[in-house]
Every structure is written in structure tokens, then in C-alpha cells.
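Colleague: Supplied structure: target_6.cif, mmCIF, C-alpha atoms (C1' of nucleotides) and all ligand atoms.
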data_query
#
loop_
_atom_site.label_atom_id
_atom_site.label_comp_id
_atom_site.auth_asym_id
_atom_site.auth_seq_id
_atom_site.Cartn_x
_atom_site.Cartn_y
_atom_site.Cartn_z
CA MET A 261 -51.45 -2.88 -25.09
CA ILE A 262 -52.74 -5.19 -27.77
CA SER A 263 -55.91 -4.08 -29.57
CA LYS A 264 -59.32 -5.34 -28.56
CA LYS A 265 -59.49 -7.01 -31.94
CA THR A 266 -56.48 -9.14 -31.11
CA LYS A 267 -57.74 -9.86 -27.63
CA TYR A 268 -61.09 -10.98 -29.03
CA THR A 269 -59.30 -13.09 -31.62
CA ILE A 270 -57.30 -14.91 -29.00
CA HIS A 271 -60.33 -15.65 -26.88
CA ALA A 272 -62.34 -16.80 -29.89
CA LEU A 273 -59.57 -19.13 -31.02
CA VAL A 274 -59.11 -20.56 -27.54
CA HIS A 275 -62.86 -21.12 -27.40
CA LEU A 276 -62.82 -22.94 -30.73
CA ALA A 277 -59.81 -24.96 -29.65
CA LYS A 278 -61.53 -26.07 -26.47
CA HIS A 279 -64.52 -27.37 -28.45
CA LYS A 280 -62.55 -28.67 -31.37
CA ASP A 281 -64.49 -31.94 -31.63
CA SER A 282 -68.03 -30.64 -31.14
CA GLY A 283 -68.67 -29.66 -34.75
CA PRO A 284 -69.12 -26.08 -36.02
CA ILE A 285 -69.68 -23.42 -33.36
CA GLN A 286 -71.81 -20.39 -34.07
CA ILE A 287 -70.71 -16.77 -33.83
CA LYS A 288 -73.55 -16.08 -31.46
CA THR A 289 -72.41 -18.75 -29.03
CA ILE A 290 -68.84 -17.47 -28.92
CA ALA A 291 -69.97 -13.86 -28.70
CA GLU A 292 -72.21 -14.58 -25.73
CA THR A 293 -69.97 -16.85 -23.70
CA GLU A 294 -66.86 -14.74 -24.26
CA ASN A 295 -68.56 -11.35 -24.01
CA ILE A 296 -67.48 -10.12 -27.42
CA PRO A 297 -69.62 -7.75 -29.55
CA LYS A 298 -71.26 -10.05 -32.09
CA LYS A 299 -70.78 -7.98 -35.23
CA PHE A 300 -67.19 -7.27 -34.36
CA LEU A 301 -66.49 -10.93 -33.80
CA GLU A 302 -68.17 -11.73 -37.09
CA ALA A 303 -65.72 -9.52 -38.97
CA ILE A 304 -62.81 -11.12 -37.16
CA LEU A 305 -63.90 -14.67 -37.93
CA ILE A 306 -64.42 -13.94 -41.61
CA ASP A 307 -60.94 -12.54 -41.68
CA LEU A 308 -59.49 -15.57 -39.91
CA ARG A 309 -61.30 -17.77 -42.39
CA ASN A 310 -59.91 -15.92 -45.40
CA LYS A 311 -56.46 -16.31 -43.91
CA GLY A 312 -57.01 -20.02 -43.51
CA TYR A 313 -56.83 -20.21 -39.73
CA VAL A 314 -60.36 -21.48 -39.33
CA ALA A 315 -62.99 -23.04 -41.59
CA SER A 316 -66.71 -22.37 -41.68
CA GLN A 317 -69.98 -24.04 -42.49
CA LYS A 318 -72.77 -21.94 -43.92
CA GLY A 319 -76.51 -22.19 -43.34
CA ARG A 320 -78.49 -23.76 -40.53
CA ASN A 321 -76.35 -25.50 -37.90
CA GLY A 322 -73.36 -23.79 -39.45
CA GLY A 323 -70.50 -22.14 -37.62
CA TYR A 324 -66.75 -22.14 -37.29
CA TYR A 325 -64.13 -24.71 -36.44
CA ILE A 326 -60.39 -25.03 -36.41
CA ASN A 327 -58.92 -27.20 -39.10
CA ARG A 328 -55.26 -26.98 -38.19
CA ASP A 329 -53.08 -28.63 -35.64
CA LEU A 330 -53.46 -26.60 -32.44
CA LYS A 331 -49.71 -26.64 -31.96
CA GLU A 332 -49.28 -24.62 -35.13
CA MET A 333 -51.24 -21.64 -33.82
CA ASN A 334 -49.34 -19.54 -31.35
CA PHE A 335 -49.87 -16.13 -29.74
CA ALA A 336 -46.95 -14.50 -31.52
CA ASP A 337 -48.45 -15.15 -34.94
CA ILE A 338 -51.95 -14.20 -33.79
CA ILE A 339 -50.76 -10.85 -32.45
CA ARG A 340 -48.82 -10.11 -35.61
CA MET A 341 -51.90 -10.78 -37.70
CA PHE A 342 -53.75 -7.62 -36.62
CA ASP A 343 -51.40 -5.58 -34.44
CA GLY A 344 -48.24 -5.94 -36.46
CA PRO A 345 -44.81 -6.23 -34.90
CA ILE A 346 -44.13 -7.43 -31.38
CA GLY A 347 -40.85 -5.56 -31.04
CA MET A 348 -41.21 -2.07 -29.60
CA LEU A 349 -38.86 -0.34 -32.03
CA PRO A 350 -38.70 -0.56 -35.83
CA CYS A 351 -35.05 -1.56 -35.58
CA VAL A 352 -35.74 -4.70 -33.53
CA THR A 353 -38.54 -6.17 -35.57
CA TYR A 354 -38.04 -8.84 -38.15
CA LEU A 355 -40.91 -8.64 -40.59
CA TYR A 356 -41.44 -4.89 -40.22
CA TYR A 357 -37.83 -3.78 -39.94
CA GLU A 358 -36.89 -0.16 -40.53
CA PRO A 359 -33.66 1.60 -39.58
CA CYS A 360 -33.80 4.33 -36.93
CA GLU A 361 -33.34 7.91 -38.08
CA GLU A 362 -31.97 8.82 -34.67
CA CYS A 363 -29.11 6.38 -34.59
CA GLU A 364 -25.83 6.40 -36.42
CA ASP A 365 -24.76 2.85 -35.86
CA GLU A 366 -27.20 0.11 -35.11
CA GLU A 367 -24.52 -2.29 -33.90
CA THR A 368 -23.35 -0.02 -31.11
CA CYS A 369 -26.76 1.38 -30.18
CA ALA A 370 -27.44 0.52 -26.55
CA VAL A 371 -31.11 1.52 -26.80
CA ARG A 372 -31.57 -1.03 -29.52
CA LYS A 373 -29.82 -3.69 -27.46
CA ILE A 374 -32.30 -3.28 -24.59
CA PHE A 375 -35.35 -3.45 -26.83
CA LYS A 376 -33.90 -6.36 -28.74
CA ASP A 377 -33.61 -8.29 -25.49
CA VAL A 378 -37.22 -7.45 -24.60
CA ARG A 379 -38.43 -8.51 -28.02
CA ASP A 380 -36.52 -11.78 -28.01
CA GLU A 381 -37.82 -12.76 -24.59
CA SER A 382 -41.38 -11.78 -25.48
CA VAL A 383 -41.38 -13.64 -28.77
CA LYS A 384 -39.95 -16.70 -27.04
CA ILE A 385 -42.81 -16.82 -24.56
CA LEU A 386 -45.49 -15.98 -27.13
CA LYS A 387 -44.23 -18.58 -29.59
CA ALA A 388 -44.36 -21.24 -26.91
CA ALA A 389 -47.96 -20.28 -26.23
CA ASN A 390 -49.68 -22.34 -28.89
CA LEU A 391 -53.34 -23.26 -28.52
CA ALA A 392 -52.62 -26.81 -27.40
CA GLU A 393 -50.30 -25.52 -24.70
CA VAL A 394 -52.77 -22.86 -23.56
CA ILE A 395 -55.52 -25.43 -23.05
CA LYS A 396 -53.14 -27.59 -21.07
CA THR A 397 -52.19 -24.63 -18.90
CA GLU A 398 -55.82 -23.76 -18.29
CA LYS A 399 -56.54 -27.29 -17.06
CA SER A 400 -53.55 -27.27 -14.79
CA LEU A 401 -54.51 -23.90 -13.33
CA SER A 402 -58.02 -25.19 -12.59
CA ARG A 403 -56.67 -28.30 -10.89
CA LYS A 404 -54.35 -26.24 -8.78
CA LYS A 405 -57.17 -24.00 -7.64
CA LYS A 406 -59.49 -26.80 -6.55
CA LYS A 407 -56.97 -28.19 -4.11
CA MET B 280 -44.49 -0.41 -30.89
CA ILE B 281 -43.72 2.48 -28.59
CA SER B 282 -44.75 5.93 -29.82
CA LYS B 283 -42.31 8.24 -31.53
CA LYS B 284 -42.74 10.56 -28.59
CA THR B 285 -41.35 7.93 -26.25
CA LYS B 286 -38.59 7.00 -28.65
CA TYR B 287 -37.57 10.65 -28.92
CA THR B 288 -37.73 10.99 -25.16
CA ILE B 289 -35.39 8.08 -24.65
CA HIS B 290 -32.87 9.38 -27.15
CA ALA B 291 -33.02 12.87 -25.72
CA LEU B 292 -32.46 11.62 -22.18
CA VAL B 293 -29.59 9.40 -23.24
CA HIS B 294 -28.08 12.38 -25.02
CA LEU B 295 -28.39 14.53 -21.91
CA ALA B 296 -26.98 11.74 -19.78
CA LYS B 297 -23.93 11.41 -22.02
CA HIS B 298 -23.17 15.11 -21.65
CA LYS B 299 -24.17 15.42 -18.06
CA ASP B 300 -21.17 17.54 -17.06
CA SER B 301 -21.05 19.93 -20.02
CA GLY B 302 -23.59 22.42 -18.72
CA PRO B 303 -27.03 23.07 -20.25
CA ILE B 304 -27.62 21.62 -23.73
CA GLN B 305 -29.89 23.34 -26.18
CA ILE B 306 -32.96 21.87 -27.84
CA LYS B 307 -31.51 22.69 -31.22
CA THR B 308 -28.36 20.68 -30.54
CA ILE B 309 -30.26 17.61 -29.43
CA ALA B 310 -32.76 17.91 -32.27
CA GLU B 311 -30.02 18.07 -34.86
CA THR B 312 -27.70 15.39 -33.59
CA GLU B 313 -30.51 12.95 -32.79
CA ASN B 314 -32.66 13.74 -35.82
CA ILE B 315 -35.75 14.71 -33.85
CA PRO B 316 -38.25 17.37 -35.07
CA LYS B 317 -37.31 20.45 -33.08
CA LYS B 318 -40.77 21.64 -32.09
CA PHE B 319 -41.83 18.17 -31.08
CA LEU B 320 -38.76 17.76 -28.93
CA GLU B 321 -39.43 21.13 -27.37
CA ALA B 322 -42.85 19.98 -26.18
CA ILE B 323 -41.34 16.80 -24.79
CA LEU B 324 -38.62 18.58 -22.85
CA ILE B 325 -41.02 21.05 -21.30
CA ASP B 326 -43.09 18.12 -20.19
CA LEU B 327 -40.07 16.32 -18.76
CA ARG B 328 -39.16 19.48 -16.93
CA ASN B 329 -42.62 19.90 -15.42
CA LYS B 330 -42.41 16.31 -14.24
CA GLY B 331 -39.05 16.98 -12.64
CA TYR B 332 -36.94 14.65 -14.75
CA VAL B 333 -34.79 17.41 -16.16
CA ALA B 334 -34.03 21.04 -15.31
CA SER B 335 -33.66 23.98 -17.62
CA GLN B 336 -31.88 27.28 -17.94
CA LYS B 337 -33.60 30.08 -19.80
CA GLY B 338 -32.14 32.75 -22.05
CA ARG B 339 -28.83 32.89 -23.89
CA ASN B 340 -26.60 29.86 -23.31
CA GLY B 341 -29.60 28.19 -21.78
CA GLY B 342 -30.72 24.62 -22.31
CA TYR B 343 -31.50 21.41 -20.48
CA TYR B 344 -29.67 19.16 -18.11
CA ILE B 345 -30.35 16.16 -15.91
CA ASN B 346 -30.44 16.84 -12.22
CA ARG B 347 -31.08 13.34 -10.96
CA ASP B 348 -28.97 10.30 -10.37
CA LEU B 349 -28.79 8.48 -13.71
CA LYS B 350 -29.49 5.20 -11.96
CA GLU B 351 -32.92 6.44 -10.97
CA MET B 352 -34.11 6.87 -14.54
CA ASN B 353 -34.99 3.63 -16.26
CA PHE B 354 -36.73 2.70 -19.49
CA ALA B 355 -39.76 1.19 -17.81
CA ASP B 356 -40.66 4.47 -16.12
CA ILE B 357 -39.90 6.49 -19.24
CA ILE B 358 -42.19 4.34 -21.38
CA ARG B 359 -44.99 4.52 -18.83
CA MET B 360 -44.74 8.31 -18.80
CA PHE B 361 -46.22 8.77 -22.28
CA ASP B 362 -47.33 5.36 -23.54
CA GLY B 363 -48.94 4.05 -20.40
CA PRO B 364 -48.81 0.40 -19.38
CA ILE B 365 -46.12 -2.03 -20.49
CA GLY B 366 -48.32 -5.09 -20.06
CA MET B 367 -50.27 -6.06 -23.16
CA LEU B 368 -53.58 -6.76 -21.42
CA PRO B 369 -55.47 -4.65 -18.88
CA CYS B 370 -55.50 -7.60 -16.50
CA VAL B 371 -51.70 -7.86 -16.31
CA THR B 372 -50.88 -4.23 -15.68
CA TYR B 373 -50.27 -2.82 -12.28
CA LEU B 374 -50.98 0.89 -12.43
CA TYR B 375 -53.64 0.62 -15.11
CA TYR B 376 -55.33 -2.57 -14.02
CA GLU B 377 -58.81 -3.44 -15.27
CA PRO B 378 -60.55 -6.81 -15.16
CA CYS B 379 -61.29 -8.57 -18.45
CA GLU B 380 -64.90 -8.73 -19.59
CA GLU B 381 -64.17 -11.93 -21.47
CA CYS B 382 -62.92 -13.95 -18.57
CA GLU B 383 -64.77 -15.53 -15.74
CA ASP B 384 -61.90 -16.28 -13.42
CA GLU B 385 -58.66 -14.41 -13.58
CA GLU B 386 -56.80 -16.97 -11.51
CA THR B 387 -57.42 -19.81 -13.91
CA CYS B 388 -57.14 -17.77 -17.12
CA ALA B 389 -54.33 -19.22 -19.21
CA VAL B 390 -54.30 -16.27 -21.57
CA ARG B 391 -53.61 -13.99 -18.67
CA LYS B 392 -50.82 -16.27 -17.45
CA ILE B 393 -48.96 -15.98 -20.76
CA PHE B 394 -49.22 -12.21 -20.92
CA LYS B 395 -48.28 -11.90 -17.29
CA ASP B 396 -45.07 -13.79 -18.01
CA VAL B 397 -44.31 -11.51 -20.95
CA ARG B 398 -44.99 -8.43 -18.89
CA ASP B 399 -42.84 -9.56 -15.97
CA GLU B 400 -39.88 -10.38 -18.19
CA SER B 401 -40.20 -7.12 -20.11
CA VAL B 402 -40.45 -4.98 -17.01
CA LYS B 403 -37.45 -6.77 -15.52
CA ILE B 404 -35.28 -5.90 -18.50
CA LEU B 405 -36.62 -2.35 -18.85
CA LYS B 406 -36.16 -1.59 -15.15
CA ALA B 407 -32.56 -2.74 -15.32
CA ALA B 408 -32.03 -0.36 -18.24
CA ASN B 409 -31.33 2.83 -16.34
CA LEU B 410 -29.44 5.67 -17.98
CA ALA B 411 -26.16 4.88 -16.22
CA GLU B 412 -26.37 1.28 -17.38
CA VAL B 413 -27.25 2.27 -20.94
CA ILE B 414 -24.20 4.48 -21.24
CA LYS B 415 -22.04 1.69 -19.92
CA THR B 416 -23.50 -0.70 -22.46
CA GLU B 417 -22.92 1.75 -25.28
CA LYS B 418 -19.24 2.05 -24.38
CA SER B 419 -18.83 -1.69 -24.16
CA LEU B 420 -20.51 -2.20 -27.54
CA SER B 421 -18.15 0.34 -29.12
CA ARG B 422 -15.11 -1.35 -27.65
CA LYS B 423 -16.27 -4.72 -28.89
CA LYS B 424 -16.70 -3.39 -32.41
CA LYS B 425 -13.26 -1.81 -32.69
CA LYS B 426 -11.53 -5.10 -32.05
"C1'" DA C 132 -90.53 -22.15 -49.26
"C1'" DT C 133 -88.74 -20.73 -45.01
"C1'" DT C 134 -85.53 -20.25 -41.59
"C1'" DT C 135 -81.03 -20.01 -40.04
"C1'" DT C 136 -76.53 -18.84 -40.39
"C1'" DG C 137 -72.36 -17.05 -42.48
"C1'" DC C 138 -70.54 -13.45 -45.99
"C1'" DC C 139 -69.66 -8.84 -47.64
"C1'" DT C 140 -69.54 -3.65 -48.08
"C1'" DA C 141 -69.85 0.52 -46.16
"C1'" DT C 142 -69.87 3.89 -42.64
"C1'" DT C 143 -69.56 6.04 -38.27
"C1'" DG C 144 -67.77 8.57 -34.13
"C1'" DA C 145 -64.15 8.83 -31.03
"C1'" DT C 146 -59.63 8.98 -30.00
"C1'" DT C 147 -54.79 9.20 -30.64
"C1'" DC C 148 -50.60 10.43 -33.15
"C1'" DG C 149 -47.21 13.26 -35.00
"C1'" DA C 150 -46.10 17.64 -36.03
"C1'" DT C 151 -46.21 22.80 -36.40
"C1'" DA C 152 -47.48 27.99 -35.74
"C1'" DG C 153 -47.02 32.06 -33.25
"C1'" DG C 154 -45.97 34.63 -29.69
"C1'" DA C 155 -44.77 35.53 -24.43
"C1'" DT C 156 -41.05 35.41 -21.10
"C1'" DA C 157 -36.46 35.32 -19.28
"C1'" DA C 158 -31.44 35.82 -19.29
"C1'" DA C 159 -27.06 37.01 -21.18
"C1'" DT C 160 -24.38 39.99 -24.33
"C1'" DT C 161 -23.50 44.35 -26.48
"C1'" DA D 237 -31.09 50.14 -22.32
"C1'" DA D 238 -31.33 47.50 -26.51
"C1'" DT D 239 -30.62 43.28 -28.74
"C1'" DT D 240 -30.09 38.63 -29.23
"C1'" DT D 241 -30.85 33.99 -27.92
"C1'" DA D 242 -33.20 30.69 -25.57
"C1'" DT D 243 -37.02 28.45 -23.17
"C1'" DC D 244 -42.09 28.47 -22.23
"C1'" DC D 245 -46.94 28.24 -23.37
"C1'" DT D 246 -51.36 27.83 -26.02
"C1'" DA D 247 -53.60 26.42 -29.77
"C1'" DT D 248 -54.36 23.91 -33.74
"C1'" DC D 249 -53.83 20.61 -37.66
"C1'" DG D 250 -54.48 16.55 -40.71
"C1'" DA D 251 -53.97 11.86 -40.85
"C1'" DA D 252 -54.44 7.59 -39.14
"C1'" DT D 253 -56.26 4.11 -36.24
"C1'" DC D 254 -59.72 1.96 -33.26
"C1'" DA D 255 -64.03 -0.05 -31.92
"C1'" DA D 256 -68.34 -0.91 -33.27
"C1'" DT D 257 -72.63 -1.19 -36.12
"C1'" DA D 258 -75.97 -1.17 -40.19
"C1'" DG D 259 -78.02 -3.48 -43.86
"C1'" DG D 260 -78.46 -6.67 -47.16
"C1'" DC D 261 -76.72 -10.94 -50.03
"C1'" DA D 262 -75.67 -16.03 -50.33
"C1'" DA D 263 -75.83 -20.69 -48.94
"C1'" DA D 264 -77.54 -24.69 -46.58
"C1'" DA D 265 -80.74 -27.33 -43.73
"C1'" DT D 266 -85.61 -28.20 -42.48
S1 LIG E 1 -30.89 1.73 -33.86
FE1 LIG E 1 -32.96 1.70 -33.24
S2 LIG E 1 -32.82 2.76 -31.35
FE2 LIG E 1 -30.79 2.90 -32.08
S1 LIG E 2 -58.34 -12.37 -17.26
FE1 LIG E 2 -57.45 -11.07 -18.73
S2 LIG E 2 -57.32 -12.40 -20.42
FE2 LIG E 2 -58.34 -13.65 -18.98
#
Once you've parsed the file, please lay out its structure as C-alpha cells.
Ligand code: FES
Ligand code: FES

Modeller:
Amino acid sequence: MISKKTKYTIHALVHLAKHKDSGPIQIKTIAETENIPKKFLEAILIDLRNKGYVASQKGRNGGYYINRDLKEMNFADIIRMFDGPIGMLPCVTYLYYEPCEECEDEETCAVRKIFKDVRDESVKILKAANLAEVIKTEKSLSRKKKK
Amino acid sequence: MISKKTKYTIHALVHLAKHKDSGPIQIKTIAETENIPKKFLEAILIDLRNKGYVASQKGRNGGYYINRDLKEMNFADIIRMFDGPIGMLPCVTYLYYEPCEECEDEETCAVRKIFKDVRDESVKILKAANLAEVIKTEKSLSRKKKK
DNA sequence: ATTTTGCCTATTGATTCGATAGGATAAATT
DNA sequence: AATTTATCCTATCGAATCAATAGGCAAAAT
């Protein structure tokens, strides 16, 4: 399971992406419409800002907004930001790689092979899920339901 | 990442599967050849025994052995045993399902759609990875390397 | 000047993780 | 029968992580 922090992050970013052209959006607004604890969300957004994912406007009528291309922000990177690696074993991660104490030879380790396959498939899907794509999907799901 | 407990469990079961016809295998042997803390492994094996995955023989020359068909033991079930759900969100798990506070309508939630895809692919691969299959894979990887 | 909003530090309680200690019980060997 | 070799069981440990909140400072608009 991903952490609540990451889940909140994803929902906040999708919210910001949806209202990209409505000027800065306040923490309070996001917290209320997405049902996220306000103070927790605050900490997340500050963090996202320091990392350069979002920008902020202080003072009255302030808030947050996305200043990047939506296509550049995908779920794989968002998950890695707070939860670390996506691969389920240290030997199948890229950025967090560590060899396995239990295994003599990584190349012939069948356990590794399985988890490598899982990781590769997962990363593929999560990379494709950028914010622009997610919004598109949401619209298409809504259309489908109305019919 | 899966827990060390689950990682140890997988390696222990693969070890037992490899030596299925050599009689009971002792904790000490597994712990040493697989580099698993002995006492930790002990707790795991007792647990596996109580759940019926393995059987044991007490006293001198005792140890553990698998009494099921290897095809019936797959990675998906093993992971679920100690680490719980494979899906990354409560709304995409089967046995541990919980609705998301953040989302109004599950059917039109694009976030859920992504994570559902990841879960389905992962489970597919992990279900296919039963102990018999893993041993086969290991042999084939070794052959490939020798060439 | 006042209000509104983001920014920052610090702390908290709960839970989980990984690992170990110490002894009871059972079976085979001597 | 005594001894050795295993598993079995209970209990506990420190460290780390998770989720959430408190309280005040800084900046910008009215
Ligand atoms: S090398 Fe990582 S599980 Fe074998
Ligand atoms: S329903 Fe679970 S993320 Fe939307």
C-alpha cells in the first residue's frame, strides 16, 4: 500500500491540474473538497513547493498552482518522492538498489526475475499516468457512465 | 517494498521446494545457506506450519518439509500472508477493500483506474509464480548462463 | 493597520518492523 | 534411562515509520 501522504499528494496534484487556469487555489479549498486533513496537506504542499513541483502565492487570495507541463508529472515519480522505490525487492529497484544477502547470483535468481517483471510492468503503467493523461481518463470515464 | 519477513519466507519456501524429496530440513541449514537470522526464521516457519503450508518433524533429525503440491503455492498468496494487500490503494484491493474518503465516485475515479491496472498486472504475474514454476525458471536461467 | 494566507519548527501517539532471549516439549541416539 | 538435538512457545526489545496537530512567523492584499 502507498502511504496516505502519497495518496493525498496525488489527489492534491490532480485537483490542481484540473483547475490549472483558475489562478492560485487555497489549501483550505483542496483540503475540504478532497477530504484531506488540512495541516497534513499544508506540510505536503510546502514540500512539493520546495521540490519545485508547484508554486505558491502568499497572502490574501494566495494559494498553490502548477507551473509545469502536466505531461511531465507522472505517478511513478510522485510515488517515489515520499514512499521511495516502486520495486518490491532491493535488487529490482533502480535508484535504491541494494544486493540481496540471501542470493548468491543475481543473474540466475528466479525470485528476482519475478519481481523484476512486476516492477517493470508497474513502472510502465505508472509512468504513462501523467497528470494530463489522468484528467483525460477521468473525462472519458464520466462520459462512459452517463450513457 | 515487501517486508523482510516476506522475503525470508519466499526464500525459505523455495529452499524447501528445491529439496522436497530429501526429508526434513533443519532451520539451521536454511538459515545458514539463505543468510536469514535463525530466530527470525524459526518464528516464520512455526507460523507457516500453523497455517498448514509446511509440516514439521520434531526432535533429532527433525526439520521442515512441504506437504503440498508446489503448484498450489504462489507468490501472491505468500505476500498476502504477512504483508497484506498487493494493491496500492484500499479501493483496488479485494480482500482488504475500503472505499476512499477522497473520492466521490469510484467508477469515474481515474486515480483508481491506474492503480487497478497496476494491481491486476502484478497479481497476474505473482499468481503465475508458483513454487514449481520458480524452480523451473531457476534451472532455465542457470542453463542460459553457462552457454 | 488588519486580515488572510502560506511558511516553518517541533512534537506527539500509535503502530509496525526486525530481531532476540529463554525455556518447554518431543523424538532419536547412546 | 539419560543425553542430545530439534522444534515449539511466550515474551520482550529498540528503532523506525506513520499520521496528524500545535503554535507562531512572514508576506501580501484590502
Ligand atoms: S537477488 Fe534479490 S531475490 Fe535473489
Ligand atoms: S476511489 Fe480510490 S482513489 Fe479514487

Colleague: Contacts of Phe375 of chain A at 9 Å or less, counting all atoms listed in the file, minus same-chain residues fewer than 2 places along, as JSON, numbers by chain?

Modeller: {"A": [347, 348, 349, 351, 352, 370, 371, 372, 373, 377, 378, 379, 380], "B": [404, 405]}

Colleague: Based on all atoms listed in the file, which of the residues in chain A come within 6 Å of chain B? I want them as an mmCIF file with C-alpha atoms, keeping the file's coordinate frame.

Modeller:
data_model
loop_
_atom_site.group_PDB
_atom_site.id
_atom_site.type_symbol
_atom_site.label_atom_id
_atom_site.label_comp_id
_atom_site.auth_asym_id
_atom_site.auth_seq_id
_atom_site.Cartn_x
_atom_site.Cartn_y
_atom_site.Cartn_z
ATOM 1 C CA MET A 261 -51.450 -2.880 -25.090
ATOM 2 C CA ILE A 262 -52.740 -5.190 -27.770
ATOM 3 C CA GLU A 294 -66.860 -14.740 -24.260
ATOM 4 C CA ASN A 295 -68.560 -11.350 -24.010
ATOM 5 C CA MET A 348 -41.210 -2.070 -29.600
ATOM 6 C CA LEU A 349 -38.860 -0.340 -32.030
ATOM 7 C CA GLU A 362 -31.970 8.820 -34.670
ATOM 8 C CA THR A 368 -23.350 -0.020 -31.110
ATOM 9 C CA ALA A 370 -27.440 0.520 -26.550
ATOM 10 C CA VAL A 378 -37.220 -7.450 -24.600
ATOM 11 C CA SER A 382 -41.380 -11.780 -25.480
ATOM 12 C CA VAL A 394 -52.770 -22.860 -23.560
ATOM 13 C CA THR A 397 -52.190 -24.630 -18.900
ATOM 14 C CA GLU A 398 -55.820 -23.760 -18.290
ATOM 15 C CA LEU A 401 -54.510 -23.900 -13.330
ATOM 16 C CA SER A 402 -58.020 -25.190 -12.590
#

Colleague: Between B:Leu320, B:Lys395, B:Lys406, B:Arg347, which one has atoms that come closest to ligand LIG 2 (chain E), using all atoms listed in the file?

Modeller: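 Of all the options, B:Lys395 lies closest to ligand LIG 2 (chain E).
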
Colleague: Record the distance separating atom CA of Glu377 of chain B and atom C1' of DA255 of chain D, expressed in Å with one decimal.

Modeller: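 Distance between the two atoms: 17.8 Å.
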
Colleague: Once you count only C-alpha atoms (C1' of nucleotides), which residues of chain D turn out to be within 10 Å of chain A? Could you give them as a list in words?

Modeller: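 So the contacting residues turn out to be DC254, DA255, DA256, DT257, DA258, DA262, DA263, DA264, DA265 and DT266 of chain D.
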
Colleague: Within 6 Å of chain B, which residues of chain C show up? Give each one with its shortest atom-to-atom distance in Å (one decimal) and the two atoms involved, counting all atoms listed in the file, rows by chain then rising residue number, as CSV.

Modeller:
residue,atom,partner,partner_atom,distance
C:DA157,C1',B:Gly338,CA,5.7
C:DA158,C1',B:Gly338,CA,4.2
C:DA159,C1',B:Arg339,CA,5.2

Colleague: Can you measure atom CA of Lys406 of chain A to atom S1 of ligand LIG 2 (chain E) for me? One decimal in Å is fine.

Modeller: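 If I compute the distance from atom CA of Lys406 of chain A to atom S1 of ligand LIG 2 (chain E), I get 18.0 Å.
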
Colleague: Quick one: pull the distance between atom C1' of DT147 of chain C and atom CA of Ala334 of chain B, Å, one decimal.

Modeller: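 For atom C1' of DT147 of chain C relative to atom CA of Ala334 of chain B, the distance reads 28.4 Å.
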
Colleague: First collect every listed atom of ligand LIG 2 (chain E); then fit an axis-aligned box around them, widen it by 4 Å on each side, and give centre and edge lengths in Å to one decimal, as AutoDock Vina command-line options.

Modeller:
--center_x -57.8 --center_y -12.4 --center_z -18.8 --size_x 9.0 --size_y 10.6 --size_z 11.2

Colleague: From the list A:Arg309, A:Lys331, A:Asp337, A:Thr266, which residue is nearest ligand LIG 2 (chain E) when using all atoms listed in the file?

Modeller: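 Of A:Arg309, A:Lys331, A:Asp337, A:Thr266, the one nearest ligand LIG 2 (chain E), counting all atoms listed in the file, is A:Thr266.
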